[in-house]
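A.B. asks: What follows is the file protein_1.cif, containing mmCIF, C-alpha atoms and all ligand atoms:
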```cif
data_entry
loop_
_atom_site.label_atom_id
_atom_site.label_comp_id
_atom_site.auth_asym_id
_atom_site.auth_seq_id
_atom_site.Cartn_x
_atom_site.Cartn_y
_atom_site.Cartn_z
CA MET A 1161 0.00 0.00 0.00
CA ALA A 1162 1.56 3.30 -1.11
CA THR A 1163 0.79 5.15 2.12
CA SER A 1164 4.29 6.60 1.94
CA SER A 1165 3.12 8.93 -0.83
CA TYR A 1166 1.89 11.31 1.88
CA ARG A 1167 4.39 14.00 2.85
CA PHE A 1168 4.55 14.84 6.55
CA SER A 1169 5.64 18.02 8.30
CA ILE A 1170 6.14 19.39 11.81
CA GLY A 1171 6.83 22.74 13.43
CA PRO A 1172 9.27 23.41 16.27
CA TRP A 1173 6.28 24.30 18.51
CA ASN A 1174 5.27 20.63 18.34
CA LEU A 1175 8.27 19.86 20.57
CA GLY A 1176 7.32 22.15 23.43
CA GLN A 1177 8.44 22.39 27.02
CA GLY A 1178 5.10 21.56 28.61
CA ALA A 1179 4.24 25.02 29.97
CA ASP A 1180 0.55 25.81 30.37
CA PRO A 1181 -1.27 28.86 31.77
CA PHE A 1182 -1.05 27.32 35.26
CA GLY A 1183 2.49 26.07 35.35
CA PRO A 1184 5.99 26.74 33.98
CA PRO A 1185 8.01 24.62 31.53
CA VAL A 1186 8.78 21.11 32.77
CA ARG A 1187 11.16 20.01 30.02
CA PRO A 1188 14.32 21.63 28.65
CA ALA A 1189 13.99 23.64 25.44
CA VAL A 1190 14.58 21.51 22.35
CA PRO A 1191 17.38 23.09 20.29
CA PHE A 1192 16.41 23.80 16.70
CA ASP A 1193 18.91 21.27 15.33
CA ALA A 1194 17.31 18.59 17.51
CA VAL A 1195 13.92 19.48 16.01
CA LEU A 1196 15.39 18.79 12.57
CA ASP A 1197 16.93 15.52 13.75
CA THR A 1198 13.60 14.44 15.23
CA ALA A 1199 11.88 15.26 11.95
CA VAL A 1200 14.37 13.10 10.05
CA SER A 1201 14.19 10.19 12.48
CA LEU A 1202 10.36 10.15 12.48
CA GLY A 1203 10.11 10.41 8.68
CA PHE A 1204 8.86 14.01 8.46
CA GLU A 1205 10.11 15.75 5.34
CA GLY A 1206 8.69 19.25 5.82
CA ILE A 1207 9.46 21.86 8.46
CA GLN A 1208 6.85 24.48 9.33
CA PHE A 1209 8.23 27.81 10.47
CA HIS A 1210 7.11 30.85 12.30
CA ASP A 1211 9.15 33.64 10.73
CA ASP A 1212 11.39 34.00 13.79
CA ASP A 1213 11.90 30.24 14.09
CA ALA A 1214 13.78 30.54 10.81
CA VAL A 1215 15.45 33.88 11.55
CA PRO A 1216 15.62 34.58 15.31
CA ASP A 1217 15.37 38.26 16.32
CA LEU A 1218 14.44 39.18 12.77
CA GLU A 1219 13.12 42.55 13.92
CA THR A 1220 16.66 43.64 14.79
CA LEU A 1221 18.04 42.77 11.34
CA THR A 1222 17.97 44.53 7.98
CA PRO A 1223 15.86 42.92 5.23
CA ALA A 1224 19.09 41.79 3.52
CA GLN A 1225 20.36 40.16 6.73
CA VAL A 1226 17.00 38.41 7.17
CA VAL A 1227 17.24 36.92 3.67
CA LYS A 1228 20.85 35.85 4.23
CA GLN A 1229 19.97 34.00 7.43
CA ALA A 1230 16.94 32.36 5.84
CA GLU A 1231 19.11 31.18 2.94
CA ALA A 1232 21.53 29.65 5.44
CA MET A 1233 18.57 27.87 7.07
CA ARG A 1234 17.51 26.54 3.67
CA ARG A 1235 20.97 25.02 3.20
CA LYS A 1236 20.83 23.49 6.68
CA LEU A 1237 17.49 21.87 5.80
CA ALA A 1238 18.78 20.63 2.46
CA ASP A 1239 21.79 19.02 4.16
CA LYS A 1240 19.36 16.89 6.15
CA GLY A 1241 17.05 16.14 3.21
CA LEU A 1242 14.35 18.48 4.56
CA VAL A 1243 12.34 21.31 2.98
CA ALA A 1244 10.40 24.25 4.36
CA GLU A 1245 6.64 23.82 4.11
CA PHE A 1246 5.46 27.29 5.13
CA VAL A 1247 6.26 30.43 7.07
CA ALA A 1248 3.77 32.11 9.41
CA PRO A 1249 4.33 35.69 10.57
CA ARG A 1250 4.34 35.43 14.38
CA LEU A 1251 2.48 38.62 15.27
CA TRP A 1252 0.92 37.33 18.47
CA GLU A 1253 4.01 37.14 20.69
CA HIS A 1254 5.45 40.58 20.00
CA ALA A 1255 4.58 43.46 22.33
CA ARG A 1256 3.37 45.51 19.37
CA GLY A 1257 0.79 42.84 18.53
CA ILE A 1258 -0.77 42.85 22.00
CA ASP A 1259 -4.19 43.89 20.64
CA GLY A 1260 -3.78 42.07 17.32
CA GLY A 1261 -1.76 43.10 14.29
CA TYR A 1262 -3.84 43.76 11.18
CA THR A 1263 -6.90 44.70 13.26
CA SER A 1264 -5.17 46.52 16.12
CA ASN A 1265 -6.80 49.79 17.13
CA ASP A 1266 -3.32 51.31 17.03
CA PRO A 1267 -2.40 52.43 13.48
CA ALA A 1268 1.33 52.09 14.26
CA ALA A 1269 0.76 48.46 15.28
CA ARG A 1270 -1.19 47.82 12.07
CA ALA A 1271 1.66 49.25 9.99
CA TRP A 1272 4.13 47.09 11.94
CA ALA A 1273 2.05 43.95 11.30
CA LEU A 1274 2.06 44.55 7.55
CA GLU A 1275 5.82 45.22 7.49
CA ARG A 1276 6.49 42.11 9.57
CA SER A 1277 4.33 40.07 7.18
CA LYS A 1278 6.35 41.32 4.22
CA ARG A 1279 9.53 40.20 6.02
CA ALA A 1280 7.88 36.79 6.48
CA VAL A 1281 7.37 36.65 2.71
CA ASP A 1282 11.11 37.33 2.25
CA VAL A 1283 11.87 34.54 4.71
CA ALA A 1284 9.54 32.11 2.92
CA LEU A 1285 11.03 32.76 -0.51
CA ALA A 1286 14.59 32.48 0.81
CA LEU A 1287 13.65 29.17 2.45
CA GLY A 1288 12.33 27.93 -0.88
CA THR A 1289 8.61 27.90 -0.16
CA ASP A 1290 5.84 30.02 -1.65
CA LEU A 1291 3.40 29.37 1.19
CA ILE A 1292 2.55 31.83 3.95
CA VAL A 1293 0.26 30.58 6.71
CA MET A 1294 -1.91 33.24 8.27
CA TRP A 1295 -3.19 32.26 11.69
CA PRO A 1296 -5.09 35.38 12.79
CA ALA A 1297 -4.30 34.77 16.46
CA ARG A 1298 -5.16 38.06 18.18
CA GLU A 1299 -7.24 39.41 15.30
CA GLY A 1300 -10.42 39.50 17.33
CA THR A 1301 -11.70 40.74 20.64
CA ALA A 1302 -12.23 39.85 24.26
CA VAL A 1303 -14.52 42.86 24.66
CA ARG A 1304 -16.84 42.88 21.67
CA GLU A 1305 -17.27 46.66 21.57
CA SER A 1306 -13.50 47.27 21.51
CA LYS A 1307 -13.27 46.87 17.72
CA ASN A 1308 -15.50 47.52 14.74
CA PRO A 1309 -16.14 44.17 13.01
CA ILE A 1310 -16.90 45.84 9.67
CA GLU A 1311 -13.61 47.72 9.73
CA ALA A 1312 -11.78 44.61 11.00
CA SER A 1313 -13.03 42.52 8.07
CA ARG A 1314 -11.76 45.18 5.67
CA GLN A 1315 -8.42 45.28 7.50
CA MET A 1316 -8.05 41.50 7.24
CA LEU A 1317 -8.74 41.68 3.51
CA ALA A 1318 -6.26 44.54 3.11
CA ALA A 1319 -3.60 42.50 4.94
CA ILE A 1320 -4.16 39.56 2.59
CA ASP A 1321 -3.70 41.90 -0.36
CA VAL A 1322 -0.50 43.35 1.09
CA ILE A 1323 0.96 39.85 1.46
CA LEU A 1324 -0.14 38.85 -2.05
CA GLY A 1325 1.37 42.09 -3.33
CA ALA A 1326 4.73 41.35 -1.73
CA HIS A 1327 5.54 38.76 -4.41
CA PRO A 1328 3.60 37.49 -7.45
CA LYS A 1329 4.23 33.83 -6.54
CA ILE A 1330 3.36 33.93 -2.86
CA ARG A 1331 0.31 31.93 -1.74
CA ILE A 1332 -1.54 32.33 1.54
CA ALA A 1333 -3.15 29.50 3.49
CA ILE A 1334 -5.42 31.00 6.14
CA GLU A 1335 -5.64 28.87 9.31
CA PRO A 1336 -8.82 29.94 11.07
CA LYS A 1337 -9.47 29.30 14.75
CA PRO A 1338 -12.61 30.62 16.41
CA ASN A 1339 -11.14 31.51 19.80
CA GLU A 1340 -7.98 31.44 21.92
CA PRO A 1341 -6.09 33.62 22.56
CA VAL A 1342 -9.05 35.90 21.79
CA ASP A 1343 -12.64 35.33 22.85
CA HIS A 1344 -14.04 35.80 19.33
CA ALA A 1345 -11.81 35.75 16.24
CA PHE A 1346 -12.66 37.76 13.15
CA VAL A 1347 -11.97 34.90 10.71
CA PRO A 1348 -13.31 31.96 12.73
CA THR A 1349 -14.01 29.30 10.10
CA ILE A 1350 -12.99 27.97 6.70
CA GLY A 1351 -16.05 29.61 5.18
CA HIS A 1352 -14.93 33.02 6.39
CA ALA A 1353 -11.38 32.38 5.16
CA LEU A 1354 -12.50 31.32 1.69
CA ALA A 1355 -14.94 34.21 1.44
CA LEU A 1356 -12.16 36.67 2.22
CA GLY A 1357 -9.84 34.95 -0.24
CA ALA A 1358 -12.48 35.19 -2.97
CA ARG A 1359 -12.61 38.97 -2.46
CA SER A 1360 -8.83 39.37 -2.48
CA ALA A 1361 -6.69 40.85 -5.23
CA ASP A 1362 -5.81 37.36 -6.50
CA PRO A 1363 -8.24 34.66 -5.27
CA ALA A 1364 -6.20 31.91 -6.97
CA ARG A 1365 -3.42 32.50 -4.43
CA VAL A 1366 -5.52 32.27 -1.27
CA GLY A 1367 -6.44 28.92 0.25
CA VAL A 1368 -6.66 27.37 3.69
CA LEU A 1369 -4.91 25.23 6.25
CA ILE A 1370 -7.41 23.22 8.28
CA GLU A 1371 -6.59 22.25 11.83
CA SER A 1372 -8.90 19.53 13.17
CA ALA A 1373 -9.10 21.03 16.67
CA HIS A 1374 -9.91 24.50 15.35
CA ALA A 1375 -12.89 23.14 13.40
CA ILE A 1376 -14.10 21.24 16.47
CA LEU A 1377 -13.77 24.39 18.60
CA ALA A 1378 -16.07 26.11 16.08
CA GLY A 1379 -18.60 23.31 16.60
CA LEU A 1380 -17.90 22.00 13.10
CA ASP A 1381 -16.86 18.64 11.73
CA PRO A 1382 -13.25 18.73 10.48
CA SER A 1383 -13.92 16.27 7.65
CA ASP A 1384 -16.78 18.40 6.33
CA GLU A 1385 -14.60 21.50 6.57
CA MET A 1386 -11.95 19.62 4.58
CA GLY A 1387 -14.53 18.52 2.05
CA PHE A 1388 -15.68 22.11 1.59
CA ALA A 1389 -12.14 23.33 0.98
CA LEU A 1390 -11.22 20.35 -1.23
CA ALA A 1391 -14.26 20.92 -3.44
CA ALA A 1392 -12.89 24.41 -4.08
CA GLY A 1393 -9.31 23.18 -4.65
CA LYS A 1394 -8.25 25.21 -1.61
CA LEU A 1395 -6.92 22.72 0.93
CA TRP A 1396 -3.23 23.54 0.89
CA SER A 1397 -2.24 22.08 4.25
CA VAL A 1398 -3.71 20.32 7.25
CA HIS A 1399 -2.91 20.32 10.96
CA LEU A 1400 -4.33 17.01 12.07
CA ASN A 1401 -4.87 16.60 15.80
CA ASP A 1402 -7.76 16.06 18.17
CA GLN A 1403 -9.82 17.88 20.71
CA ASN A 1404 -11.95 16.60 23.58
CA GLY A 1405 -14.96 18.90 23.22
CA LEU A 1406 -15.26 22.65 23.55
CA LYS A 1407 -12.41 23.80 25.76
CA PHE A 1408 -8.94 25.24 25.22
CA ASP A 1409 -7.03 24.18 22.09
CA GLN A 1410 -5.72 20.82 23.27
CA ASP A 1411 -3.62 19.72 20.29
CA LYS A 1412 -4.14 16.07 21.22
CA VAL A 1413 -2.74 13.15 19.24
CA PHE A 1414 -4.64 12.57 16.00
CA GLY A 1415 -7.58 10.24 16.76
CA ALA A 1416 -7.06 10.35 20.54
CA ALA A 1417 -10.49 11.78 21.35
CA ASN A 1418 -12.55 10.69 18.34
CA LEU A 1419 -11.05 7.89 16.27
CA ARG A 1420 -14.06 7.75 13.95
CA GLY A 1421 -13.77 11.50 13.33
CA ALA A 1422 -10.09 10.96 12.47
CA PHE A 1423 -11.06 8.18 10.05
CA ASP A 1424 -13.56 10.52 8.39
CA GLN A 1425 -10.83 13.13 7.89
CA VAL A 1426 -8.47 10.60 6.34
CA ARG A 1427 -11.31 9.28 4.19
CA VAL A 1428 -12.02 12.69 2.70
CA LEU A 1429 -8.30 13.33 2.07
CA GLU A 1430 -8.08 9.96 0.34
CA ALA A 1431 -11.22 10.58 -1.71
CA ALA A 1432 -9.78 13.88 -2.96
CA GLY A 1433 -6.36 12.43 -3.80
CA TYR A 1434 -4.76 14.89 -1.35
CA ALA A 1435 -1.43 13.01 -1.31
CA ALA A 1436 -1.05 13.46 -5.07
CA THR A 1437 -1.35 17.26 -4.76
CA GLY A 1438 2.02 17.26 -2.96
CA ALA A 1439 0.54 19.21 -0.04
CA PHE A 1440 1.80 18.25 3.41
CA VAL A 1441 0.12 16.49 6.30
CA GLY A 1442 1.14 18.25 9.49
CA PHE A 1443 0.28 17.12 13.00
CA ASP A 1444 -0.21 20.14 15.24
CA VAL A 1445 0.07 18.08 18.40
CA LYS A 1446 1.77 18.68 21.71
CA ALA A 1447 3.12 16.28 24.29
CA HIS A 1448 1.28 16.05 27.59
CA ARG A 1449 2.86 18.09 30.37
CA THR A 1450 3.39 14.84 32.27
CA GLN A 1451 5.58 13.41 29.53
CA PRO A 1452 9.29 12.94 30.41
CA ALA A 1453 11.70 14.79 28.12
CA ASP A 1454 13.25 11.62 26.72
CA LYS A 1455 9.82 10.40 25.55
CA ALA A 1456 8.42 13.73 24.36
CA THR A 1457 8.31 12.89 20.65
CA ALA A 1458 5.85 10.00 21.07
CA HIS A 1459 2.83 12.23 20.29
CA LEU A 1460 4.24 12.87 16.80
CA ALA A 1461 5.16 9.25 16.14
CA THR A 1462 1.72 8.10 17.33
CA SER A 1463 -0.16 10.67 15.25
CA LYS A 1464 1.69 9.60 12.12
CA ALA A 1465 1.23 5.88 12.86
CA ILE A 1466 -2.50 6.32 13.48
CA PHE A 1467 -2.84 8.39 10.31
CA LEU A 1468 -1.19 5.64 8.25
CA LYS A 1469 -3.37 2.95 9.84
CA LEU A 1470 -6.44 5.03 9.00
CA VAL A 1471 -5.24 5.39 5.41
CA GLU A 1472 -5.30 1.59 5.25
CA LYS A 1473 -8.77 1.59 6.83
CA ALA A 1474 -9.98 4.09 4.24
CA ARG A 1475 -8.53 1.99 1.42
CA SER A 1476 -10.03 -1.25 2.71
CA TYR A 1477 -13.44 0.31 3.43
CA PRO A 1478 -16.15 -2.00 2.00
CA VAL A 1479 -17.36 0.48 -0.61
CA LYS A 1480 -19.78 -1.88 -2.39
CA VAL A 1481 -21.57 -2.88 0.81
CA ALA A 1482 -21.69 0.75 1.90
CA GLU A 1483 -23.26 1.69 -1.44
CA GLN A 1484 -25.93 -0.98 -0.96
CA CYS A 1485 -26.74 0.39 2.49
CA ILE A 1486 -27.01 3.91 1.07
CA ALA A 1487 -29.17 2.78 -1.87
CA ALA A 1488 -31.54 1.07 0.57
CA ARG A 1489 -31.43 4.15 2.84
CA ASP A 1490 -30.44 1.73 5.58
CA TYR A 1491 -28.21 4.11 7.48
CA GLU A 1492 -28.39 1.94 10.60
CA ALA A 1493 -26.67 -0.82 8.61
CA LEU A 1494 -24.16 1.74 7.36
CA GLU A 1495 -23.46 2.84 10.93
CA ARG A 1496 -22.71 -0.75 11.92
CA LEU A 1497 -20.59 -1.32 8.84
CA VAL A 1498 -18.38 1.66 9.68
CA LEU A 1499 -18.04 0.73 13.35
CA GLU A 1500 -17.23 -2.91 12.60
CA HIS A 1501 -14.77 -1.88 9.92
CA LEU A 1502 -12.97 0.36 12.39
CA LEU A 1503 -12.90 -2.41 14.99
CA SER A 1504 -11.75 -5.15 12.60
CA CYS A 1505 -8.12 -6.25 12.52
C1 LIG B 1601 -2.45 27.87 16.89
C2 LIG B 1601 -1.89 27.12 15.81
C3 LIG B 1601 -0.59 27.62 15.31
C4 LIG B 1601 -0.49 27.62 13.84
C5 LIG B 1601 0.78 28.15 13.27
O1 LIG B 1601 -3.50 27.26 17.50
O2 LIG B 1601 -2.42 26.13 15.42
O3 LIG B 1601 0.42 26.82 15.81
O4 LIG B 1601 -0.65 26.32 13.38
O5 LIG B 1601 1.13 29.36 13.78
MN MN B 1602 -2.20 24.76 13.75
#
```
Write the structure described by the file as structure tokens, please.
Ligand code: XUL
Ligand code: MN
C.D. replies:
Amino acid sequence: MATSSYRFSIGPWNLGQGADPFGPPVRPAVPFDAVLDTAVSLGFEGIQFHDDDAVPDLETLTPAQVVKQAEAMRRKLADKGLVAEFVAPRLWEHARGIDGGYTSNDPAARAWALERSKRAVDVALALGTDLIVMWPAREGTAVRESKNPIEASRQMLAAIDVILGAHPKIRIAIEPKPNEPVDHAFVPTIGHALALGARSADPARVGVLIESAHAILAGLDPSDEMGFALAAGKLWSVHLNDQNGLKFDQDKVFGAANLRGAFDQVRVLEAAGYAATGAFVGFDVKAHRTQPADKATAHLATSKAIFLKLVEKARSYPVKVAEQCIAARDYEALERLVLEHLLSC
């Protein structure tokens, strides 16, 4: 079975130190080179970057210095047989982005966010990728009346156009999340993201990255969200993970909370021939805080192993029998067929 035709990617934030809002880090920081070595040893070909993962302290450097450092990173990746998948401008950690970037009420902060995003485009191109991921982290509100949602929607669209304008080849994958760190985000779902993209200066260059947990947090089914984007030819990356209901963004191992939901996601990727598009499968998962440092890559290995098992389940799904159930409108029989298929060895 050619399950190996999928390309897998990780980001350095997937090897975290276990800090949460109630407790400090419990594991030593993982040096960037160790992230790359982990990627190689677990069979991940792509590296996902926040702009300053690739070029630390990029705000203190000239644009030319930023490009030089990103080019050096590209060579480092190539030496290990790795490639960059995407770059995301990290607006949410900087002091200037405290109230959001593109939708900040402070015009100086908005100008900074656009400049920083243009630097992220430079970083992406120097790393050899044309993909910018836009996770609109603090583009929203905790106090609804603090921002004007009409103006904010226009500002989000304007930011997309600035990024598209930075280079004719650059593509944007919007990664919507309905909440966290904000209470309500301005681009909370795939529908919002695709609607904005359709109104942009070049709709062909705006697509989406779907994270399973983000869809669940919006009360939506990740596989249907994927189907919606795939039907439009807009699914340019995925962050597969899981989420145990409506709470904080848990980034659990793929399938850990809802194995059938994970199967449905794999099924829709298979049905669309996602692997053949060359787009990556990322697992935006984090190790439990309880996990010892020397075993803190298991969440990535497990997510990938479960994904590959579910690819086999999708390929061995009894399609003919399922079609008979559907033709007879016997959805109870279909339910049983799916459950028994998932339980079969
Ligand atoms: C946040 C999230 C981010 C993005 C990249 O919830 O998923 O890690 O994937 O910035
Ligand atoms: Mn993500």
A.B. asks: Need to verify the contact set: Ser1463 (chain A), 6 Å, all atoms listed in the file, exclusion of same-chain residues closer than 2 positions in sequence. Can you return it as a PyMOL selection string?
C.D. replies: chain A and resi 1413-1414+1460-1461+1465-1466
A.B. asks: Quick one: contact table of chain A to ligand LIG 1601 (chain B), 10 Å max, nearest atom pair and distance in Å to one decimal per residue, counting only C-alpha atoms and all ligand atoms, chain and number order, as a Markdown table?
C.D. replies:
```
| residue | atom | partner | partner_atom | distance |
| --- | --- | --- | --- | --- |
| A:Ile1170 | CA | B:LIG1601 | O4 | 9.8 |
| A:Gly1171 | CA | B:LIG1601 | O3 | 8.0 |
| A:Pro1172 | CA | B:LIG1601 | O3 | 9.5 |
| A:Trp1173 | CA | B:LIG1601 | O3 | 6.9 |
| A:Asn1174 | CA | B:LIG1601 | O3 | 8.3 |
| A:Gln1208 | CA | B:LIG1601 | C5 | 8.1 |
| A:Phe1209 | CA | B:LIG1601 | C5 | 8.0 |
| A:His1210 | CA | B:LIG1601 | O5 | 6.3 |
| A:Asp1211 | CA | B:LIG1601 | O5 | 9.6 |
| A:Phe1246 | CA | B:LIG1601 | C5 | 9.4 |
| A:Val1247 | CA | B:LIG1601 | O5 | 8.5 |
| A:Ala1248 | CA | B:LIG1601 | O5 | 5.8 |
| A:Pro1249 | CA | B:LIG1601 | O5 | 7.8 |
| A:Arg1250 | CA | B:LIG1601 | O5 | 6.9 |
| A:Leu1251 | CA | B:LIG1601 | O5 | 9.5 |
| A:Trp1252 | CA | B:LIG1601 | O5 | 9.2 |
| A:Val1293 | CA | B:LIG1601 | C5 | 7.0 |
| A:Met1294 | CA | B:LIG1601 | O5 | 7.4 |
| A:Trp1295 | CA | B:LIG1601 | O5 | 5.6 |
| A:Pro1296 | CA | B:LIG1601 | O5 | 8.7 |
| A:Ala1297 | CA | B:LIG1601 | C1 | 7.2 |
| A:Ile1334 | CA | B:LIG1601 | C4 | 9.7 |
| A:Glu1335 | CA | B:LIG1601 | O4 | 6.9 |
| A:Pro1336 | CA | B:LIG1601 | O2 | 8.6 |
| A:Lys1337 | CA | B:LIG1601 | O1 | 6.9 |
| A:Pro1338 | CA | B:LIG1601 | O1 | 9.8 |
| A:Asn1339 | CA | B:LIG1601 | O1 | 9.0 |
| A:Glu1340 | CA | B:LIG1601 | O1 | 7.6 |
| A:Pro1341 | CA | B:LIG1601 | O1 | 8.5 |
| A:Leu1369 | CA | B:LIG1601 | O4 | 8.4 |
| A:Ile1370 | CA | B:LIG1601 | O4 | 9.0 |
| A:Glu1371 | CA | B:LIG1601 | O2 | 6.7 |
| A:Ser1372 | CA | B:LIG1601 | O2 | 9.5 |
| A:Ala1373 | CA | B:LIG1601 | O1 | 8.4 |
| A:His1374 | CA | B:LIG1601 | O1 | 7.3 |
| A:Val1398 | CA | B:LIG1601 | O4 | 9.1 |
| A:His1399 | CA | B:LIG1601 | O4 | 6.9 |
| A:Leu1400 | CA | B:LIG1601 | O2 | 9.9 |
| A:Asn1401 | CA | B:LIG1601 | O2 | 9.8 |
| A:Phe1408 | CA | B:LIG1601 | O1 | 9.7 |
| A:Asp1409 | CA | B:LIG1601 | O1 | 6.6 |
| A:Gln1410 | CA | B:LIG1601 | O1 | 8.9 |
| A:Asp1411 | CA | B:LIG1601 | O1 | 8.0 |
| A:Gly1442 | CA | B:LIG1601 | O4 | 9.1 |
| A:Phe1443 | CA | B:LIG1601 | O4 | 9.3 |
| A:Asp1444 | CA | B:LIG1601 | O2 | 6.4 |
| A:Val1445 | CA | B:LIG1601 | O2 | 8.9 |
```
A.B. asks: Produce a file of the selected residues containing C-alpha atoms, as a short mmCIF file (atom, residue, chain, number, x, y, z; two decimals), keeping the file's coordinate frame.
C.D. replies:
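Okay, part26.cif is ready:
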```cif
data_model
loop_
_atom_site.label_atom_id
_atom_site.label_comp_id
_atom_site.auth_asym_id
_atom_site.auth_seq_id
_atom_site.Cartn_x
_atom_site.Cartn_y
_atom_site.Cartn_z
CA ILE A 1170 6.14 19.39 11.81
CA GLY A 1171 6.83 22.74 13.43
CA PRO A 1172 9.27 23.41 16.27
CA TRP A 1173 6.28 24.30 18.51
CA ASN A 1174 5.27 20.63 18.34
CA GLN A 1208 6.85 24.48 9.33
CA PHE A 1209 8.23 27.81 10.47
CA HIS A 1210 7.11 30.85 12.30
CA ASP A 1211 9.15 33.64 10.73
CA PHE A 1246 5.46 27.29 5.13
CA VAL A 1247 6.26 30.43 7.07
CA ALA A 1248 3.77 32.11 9.41
CA PRO A 1249 4.33 35.69 10.57
CA ARG A 1250 4.34 35.43 14.38
CA LEU A 1251 2.48 38.62 15.27
CA TRP A 1252 0.92 37.33 18.47
CA VAL A 1293 0.26 30.58 6.71
CA MET A 1294 -1.91 33.24 8.27
CA TRP A 1295 -3.19 32.26 11.69
CA PRO A 1296 -5.09 35.38 12.79
CA ALA A 1297 -4.30 34.77 16.46
CA ILE A 1334 -5.42 31.00 6.14
CA GLU A 1335 -5.64 28.87 9.31
CA PRO A 1336 -8.82 29.94 11.07
CA LYS A 1337 -9.47 29.30 14.75
CA PRO A 1338 -12.61 30.62 16.41
CA ASN A 1339 -11.14 31.51 19.80
CA GLU A 1340 -7.98 31.44 21.92
CA PRO A 1341 -6.09 33.62 22.56
CA LEU A 1369 -4.91 25.23 6.25
CA ILE A 1370 -7.41 23.22 8.28
CA GLU A 1371 -6.59 22.25 11.83
CA SER A 1372 -8.90 19.53 13.17
CA ALA A 1373 -9.10 21.03 16.67
CA HIS A 1374 -9.91 24.50 15.35
CA VAL A 1398 -3.71 20.32 7.25
CA HIS A 1399 -2.91 20.32 10.96
CA LEU A 1400 -4.33 17.01 12.07
CA ASN A 1401 -4.87 16.60 15.80
CA PHE A 1408 -8.94 25.24 25.22
CA ASP A 1409 -7.03 24.18 22.09
CA GLN A 1410 -5.72 20.82 23.27
CA ASP A 1411 -3.62 19.72 20.29
CA GLY A 1442 1.14 18.25 9.49
CA PHE A 1443 0.28 17.12 13.00
CA ASP A 1444 -0.21 20.14 15.24
CA VAL A 1445 0.07 18.08 18.40
#
```
A.B. asks: One decimal, in Å: what's the spacing between CA of Ala1447 (chain A) and CA of Val1342 (chain A)?
C.D. replies: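 That distance, rounded to one decimal, is 23.2 Å.
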A.B. asks: To one decimal place in Å, what is the distance between CA of Asp1266 (chain A) and CA of Ala1345 (chain A)?
C.D. replies: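 Atom-to-atom, CA of Asp1266 (chain A) and CA of Ala1345 (chain A) are spaced 17.7 Å apart.
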A.B. asks: When distances are computed from only C-alpha atoms and all ligand atoms, which of A:Glu1311, A:Asp1402, A:Asp1343, A:Asp1290 shows the smallest separation from ligand MN 1602 (chain B)?
C.D. replies: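 Of A:Glu1311, A:Asp1402, A:Asp1343, A:Asp1290, the one nearest ligand MN 1602 (chain B) is A:Asp1402, counting only C-alpha atoms and all ligand atoms.
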A.B. asks: Closest to Ile1320 (chain A) among A:Asp1362, A:Glu1500, A:Asp1259, A:Asp1454, using only C-alpha atoms?
C.D. replies: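 Answer, going by the shortest atom-to-atom distance: A:Asp1362.
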A.B. asks: Choose the residue, out of A:Arg1304, A:Lys1240, A:Lys1464, A:Lys1329, that has the smallest atom-to-atom separation from Val1195 (chain A); count only C-alpha atoms.
C.D. replies: A:Lys1240
A.B. asks: Have a look at CA of Pro1382 (chain A) and CA of Gly1357 (chain A) and let me know their distance in Å, one decimal.
C.D. replies: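 Going from CA of Pro1382 (chain A) over to CA of Gly1357 (chain A), I get 19.7 Å.
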A.B. asks: Which residue is closest to Ala1436 (chain A)? Choose from A:Arg1298, A:Arg1235, A:Arg1167, A:Lys1473 and count all atoms listed in the file.
C.D. replies: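 For Ala1436 (chain A), the nearest of the given residues is A:Arg1167.
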A.B. asks: Please provide as a compact mmCIF listing (two decimals) with C-alpha atoms, in the coordinates of the input all residues within 7 Å of Glu1205 (chain A), with the sequence filter that same-chain residues fewer than 3 positions apart are discarded (counting all atoms listed in the file).
C.D. replies:
```txt
# COMPACT_ATOMS: atom_id res chain seq x y z
CA ARG A 1167 4.39 14.00 2.85
CA PHE A 1168 4.55 14.84 6.55
CA SER A 1169 5.64 18.02 8.30
CA ALA A 1199 11.88 15.26 11.95
CA VAL A 1200 14.37 13.10 10.05
CA LEU A 1242 14.35 18.48 4.56
CA VAL A 1243 12.34 21.31 2.98
```
A.B. asks: Nearest residue to ligand MN 1602 (chain B) out of A:Gln1451, A:Thr1457, A:Thr1462, A:Ser1397, using all atoms listed in the file?
C.D. replies: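 So, comparing all the options, the nearest one is A:Ser1397.
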A.B. asks: Nearest residue to ligand MN 1602 (chain B) out of A:Val1347, A:Val1441, A:Ala1268, A:Ala1474, using only C-alpha atoms and all ligand atoms?
C.D. replies: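 Using only C-alpha atoms and all ligand atoms, ligand MN 1602 (chain B) sits closest to A:Val1441.
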A.B. asks: Which polymer residues, protein or nucleic acid, are no farther than 12 Å from (19.2, 24.1, 5.8), counting all atoms listed in the file, as a count of residues only?
C.D. replies: 28
A.B. asks: Give me, as a VMD selection string, all polymer residues having an atom no more than 8 Å from Val1190 (chain A), counting only C-alpha atoms and skipping those fewer than 2 positions away in the same chain.
C.D. replies: chain A and resid 1175 to 1177 1188 1192 1194 to 1195
A.B. asks: What does the file look like for those residues with C-alpha atoms, as a PDB file, keeping the file's coordinate frame?
C.D. replies:
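The resulting file, part00.pdb, is reproduced below:
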```
ATOM      1  CA  LEU A1175       8.270  19.860  20.570  1.00  0.00           C
ATOM      2  CA  GLY A1176       7.320  22.150  23.430  1.00  0.00           C
ATOM      3  CA  GLN A1177       8.440  22.390  27.020  1.00  0.00           C
ATOM      4  CA  PRO A1188      14.320  21.630  28.650  1.00  0.00           C
ATOM      5  CA  PHE A1192      16.410  23.800  16.700  1.00  0.00           C
ATOM      6  CA  ALA A1194      17.310  18.590  17.510  1.00  0.00           C
ATOM      7  CA  VAL A1195      13.920  19.480  16.010  1.00  0.00           C
TER       8      VAL A1195
END
```
